[in-house]
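The next block holds one structure in the form of C-alpha coordinates; read it before the comments.
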Amino acid sequence: MSSSLQDILEAIKRTVSQTGLNVYDHQSDVTNSPACVIMPHSISFTGAMAMGGDDYDFDLAIVVANVNTKEAQRKLNQYITGKGPKSLREHLFRNGSLGLPDVDCVIKGMRGYGGRFETATTNYVGAVLKLCVTTL
(Lines give C-alpha, C1' and ligand atoms only; values in the text may rest on other atoms or scores of the structure.)
Protein backbone atom coordinates (compact mmCIF):
# COMPACT_ATOMS: atom_id res chain seq x y z
CA MET A 1 0.00 0.00 0.00
CA SER A 2 1.33 3.43 -0.95
CA SER A 3 2.21 6.04 1.65
CA SER A 4 -0.64 8.46 2.32
CA LEU A 5 -0.51 12.25 2.09
CA GLN A 6 -0.26 12.39 5.88
CA ASP A 7 2.63 9.88 5.90
CA ILE A 8 4.46 11.97 3.32
CA LEU A 9 3.86 15.26 5.16
CA GLU A 10 5.23 13.80 8.39
CA ALA A 11 8.24 12.34 6.55
CA ILE A 12 9.02 15.68 4.88
CA LYS A 13 8.79 17.41 8.26
CA ARG A 14 11.15 14.87 9.87
CA THR A 15 13.66 14.98 7.01
CA VAL A 16 13.73 18.76 6.53
CA SER A 17 14.09 19.38 10.28
CA GLN A 18 17.46 17.58 10.11
CA THR A 19 18.84 20.68 8.32
CA GLY A 20 18.29 22.88 11.37
CA LEU A 21 15.16 24.55 10.01
CA ASN A 22 12.07 24.85 12.18
CA VAL A 23 9.39 23.02 10.18
CA TYR A 24 5.68 23.90 10.19
CA ASP A 25 2.66 22.68 8.27
CA HIS A 26 0.75 25.98 8.60
CA GLN A 27 2.17 29.42 7.85
CA SER A 28 0.29 30.94 10.77
CA ASP A 29 2.20 28.63 13.15
CA VAL A 30 5.66 30.03 12.32
CA THR A 31 7.22 31.32 15.51
CA ASN A 32 10.93 30.63 15.04
CA SER A 33 13.10 31.15 12.00
CA PRO A 34 14.77 30.11 9.87
CA ALA A 35 11.72 28.03 9.02
CA CYS A 36 10.17 25.83 6.39
CA VAL A 37 6.40 25.81 5.85
CA ILE A 38 5.16 22.71 4.01
CA MET A 39 2.17 23.38 1.75
CA PRO A 40 0.64 20.65 -0.42
CA HIS A 41 0.19 22.14 -3.90
CA SER A 42 -1.18 19.40 -6.16
CA ILE A 43 -1.43 15.62 -6.61
CA SER A 44 -1.43 13.73 -9.90
CA PHE A 45 -2.84 10.21 -9.83
CA THR A 46 -2.26 9.44 -13.51
CA GLY A 47 1.31 8.12 -13.35
CA ALA A 48 0.24 4.48 -13.08
CA MET A 49 -3.27 3.16 -13.13
CA ALA A 50 -2.40 0.18 -10.90
CA MET A 51 -1.92 2.48 -7.87
CA GLY A 52 1.46 3.98 -7.05
CA GLY A 53 3.29 6.30 -9.40
CA ASP A 54 1.41 9.27 -7.93
CA ASP A 55 3.13 12.66 -7.91
CA TYR A 56 2.64 14.84 -4.83
CA ASP A 57 3.79 18.42 -5.40
CA PHE A 58 4.60 20.57 -2.40
CA ASP A 59 5.60 24.18 -1.93
CA LEU A 60 8.28 24.52 0.74
CA ALA A 61 8.29 28.16 1.85
CA ILE A 62 11.69 28.87 3.36
CA VAL A 63 11.56 31.98 5.54
CA VAL A 64 14.07 33.98 7.57
CA ALA A 65 13.19 36.83 9.92
CA ASN A 66 13.90 40.10 8.11
CA VAL A 67 15.65 42.10 10.81
CA ASN A 68 18.50 42.99 8.43
CA THR A 69 17.59 42.25 4.80
CA LYS A 70 21.16 41.64 3.63
CA GLU A 71 21.87 39.14 6.41
CA ALA A 72 18.44 37.51 6.05
CA GLN A 73 19.04 36.93 2.34
CA ARG A 74 22.48 35.48 3.00
CA LYS A 75 20.98 33.07 5.51
CA LEU A 76 18.15 32.21 3.10
CA ASN A 77 20.60 31.57 0.26
CA GLN A 78 22.27 28.76 2.23
CA TYR A 79 19.00 26.78 2.23
CA ILE A 80 17.90 27.35 -1.36
CA THR A 81 21.24 26.89 -3.13
CA GLY A 82 21.83 23.71 -5.14
CA LYS A 83 24.64 22.31 -3.03
CA GLY A 84 26.18 22.91 0.35
CA PRO A 85 25.94 21.99 4.03
CA LYS A 86 22.50 23.64 4.48
CA SER A 87 21.17 23.11 0.94
CA LEU A 88 17.69 21.58 1.03
CA ARG A 89 18.11 20.36 -2.53
CA GLU A 90 21.24 18.40 -1.61
CA HIS A 91 19.81 17.15 1.68
CA LEU A 92 16.64 15.85 0.03
CA PHE A 93 18.67 14.34 -2.82
CA ARG A 94 20.69 12.38 -0.26
CA ASN A 95 17.52 11.42 1.65
CA GLY A 96 15.18 10.92 -1.31
CA SER A 97 13.12 8.20 0.37
CA LEU A 98 12.20 10.54 3.26
CA GLY A 99 12.55 7.42 5.42
CA LEU A 100 9.57 5.77 3.70
CA PRO A 101 9.83 2.47 1.77
CA ASP A 102 7.83 3.57 -1.27
CA VAL A 103 8.67 7.19 -2.17
CA ASP A 104 11.33 9.18 -3.96
CA CYS A 105 11.59 12.97 -3.94
CA VAL A 106 13.34 15.74 -5.79
CA ILE A 107 13.46 19.53 -5.56
CA LYS A 108 12.39 20.70 -9.02
CA GLY A 109 12.98 24.43 -8.70
CA MET A 110 12.57 27.68 -6.80
CA ARG A 111 10.30 30.70 -7.20
CA GLY A 112 9.31 33.83 -5.33
CA TYR A 113 12.75 34.78 -4.01
CA GLY A 114 12.57 37.69 -1.61
CA GLY A 115 8.82 37.38 -1.41
CA ARG A 116 7.23 38.90 1.63
CA PHE A 117 5.88 36.49 4.20
CA GLU A 118 4.29 37.80 7.33
CA THR A 119 3.13 36.09 10.51
CA ALA A 120 1.73 38.07 13.41
CA THR A 121 4.08 41.06 13.64
CA THR A 122 7.17 39.41 12.13
CA ASN A 123 8.22 40.16 8.57
CA TYR A 124 10.18 37.43 6.74
CA VAL A 125 12.22 37.23 3.57
CA GLY A 126 11.87 33.93 1.78
CA ALA A 127 11.57 31.76 -1.28
CA VAL A 128 9.48 28.77 -2.29
CA LEU A 129 11.11 25.49 -3.28
CA LYS A 130 9.07 23.12 -5.45
CA LEU A 131 9.25 19.55 -4.08
CA CYS A 132 7.91 16.55 -5.98
CA VAL A 133 7.38 13.27 -4.11
CA THR A 134 6.57 10.20 -6.21
CA THR A 135 5.10 7.04 -4.73
CA LEU A 136 6.62 3.87 -6.15
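Letters A, B, ... go to the chains of the C-alpha coordinates in the order shown; residues in each chain start at 1; ligands are counted from 1 in the same order.
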#### Entry: Val103 (chain A) environment, 6 Å, only C-alpha atoms, sequence neighbours closer than 3 positions dropped, as a PyMOL selection string
chain A and resi 97+134-136
### Message
I'd like the contact shell of Leu131 (chain A) - 8 Å cut-off, only C-alpha atoms, skipping same-chain residues fewer than 6 positions apart - returned as a ChimeraX atom specification.
### Response
/A:57-60,105-109
### Task
Apply DSSP to the structure's backbone, then extract all residues of chain A labelled helix (DSSP H, G or I) and return them as a ChimeraX atom specification.
/A:5-17,27-29,69-80,88-94
### Nearby residues (only C-alpha atoms) at most 8 Å from region 69-73 of chain A, same-chain spacing under 4 positions excluded, as a list in words
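These residues fall inside the cut-off: Val64, Ala65, Asn77, Gly114, Val125 and Gly126 of chain A.
By chain and then residue number, the residues within 7 Å of region 5-15 of chain A are Val23, Leu98 and Gly99 of chain A, counting only C-alpha atoms and disregarding those fewer than 5 positions away in sequence.
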Include C-alpha atoms and write out the residues we just selected as a short mmCIF file (atom, residue, chain, number, x, y, z; two decimals), in the first residue's frame.
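What follows is the written file part-v9.cif:
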```cif
data_model
loop_
_atom_site.label_atom_id
_atom_site.label_comp_id
_atom_site.auth_asym_id
_atom_site.auth_seq_id
_atom_site.Cartn_x
_atom_site.Cartn_y
_atom_site.Cartn_z
CA VAL A 23 9.39 23.02 10.18
CA LEU A 98 12.20 10.54 3.26
CA GLY A 99 12.55 7.42 5.42
#
```
### Query
Given the choices A:Met1, A:Phe117, A:Glu90, A:Gly53, which gets closest to Ala35 (chain A) if the distance is worked out from only C-alpha atoms?
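When distances to Ala35 (chain A) are compared using only C-alpha atoms, the smallest one comes from A:Phe117.
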### Message
Under the rule that only C-alpha atoms are counted, which of A:Leu76, A:Val30, A:Ile43, A:Val37 is the nearest residue to Val16 (chain A)?
### Response
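When distances to Val16 (chain A) are compared using only C-alpha atoms, the smallest one comes from A:Val37.
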### Query
Running DSSP on the backbone, which parts of chain A land in strand (DSSP E), as JSON, numbers by chain?
{"A": [22, 23, 24, 35, 36, 37, 38, 39, 40, 41, 42, 43, 44, 55, 56, 57, 58, 59, 60, 61, 62, 63, 64, 65, 103, 104, 105, 106, 107, 108, 109, 110, 111, 112, 113, 114, 115, 116, 117, 118, 119, 122, 123, 124, 125, 126, 127, 128, 129, 130, 131, 132, 133, 134, 135]}
#### Entry: Who sits within 9 Å of Asp55 (chain A), only C-alpha atoms, same chain under 4 positions skipped, as a count of residues only
10
### Query
Given the choices A:Gln78, A:Asp104, A:Ser4, A:Val128, which gets closest to Cys36 (chain A) if the distance is worked out from only C-alpha atoms?
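Closest candidate: A:Val128.
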### Query
For the atom pair CA of Gly52 (chain A) and CA of Gly96 (chain A), what is the interatomic distance in Å to one decimal place?
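We find that CA of Gly52 (chain A) and CA of Gly96 (chain A) lie 16.4 Å from each other.
The space between CA of Leu100 (chain A) and CA of Met51 (chain A) spans 16.6 Å.
Here the question is which of A:Val63, A:Leu21, A:Met39, A:Leu88 gets nearest to Glu118 (chain A) using only C-alpha atoms, and that residue is A:Val63.
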### Query
Can you tell me how far CA of Gln27 (chain A) sits from CA of Pro101 (chain A), in Å to one decimal?
28.7 Å
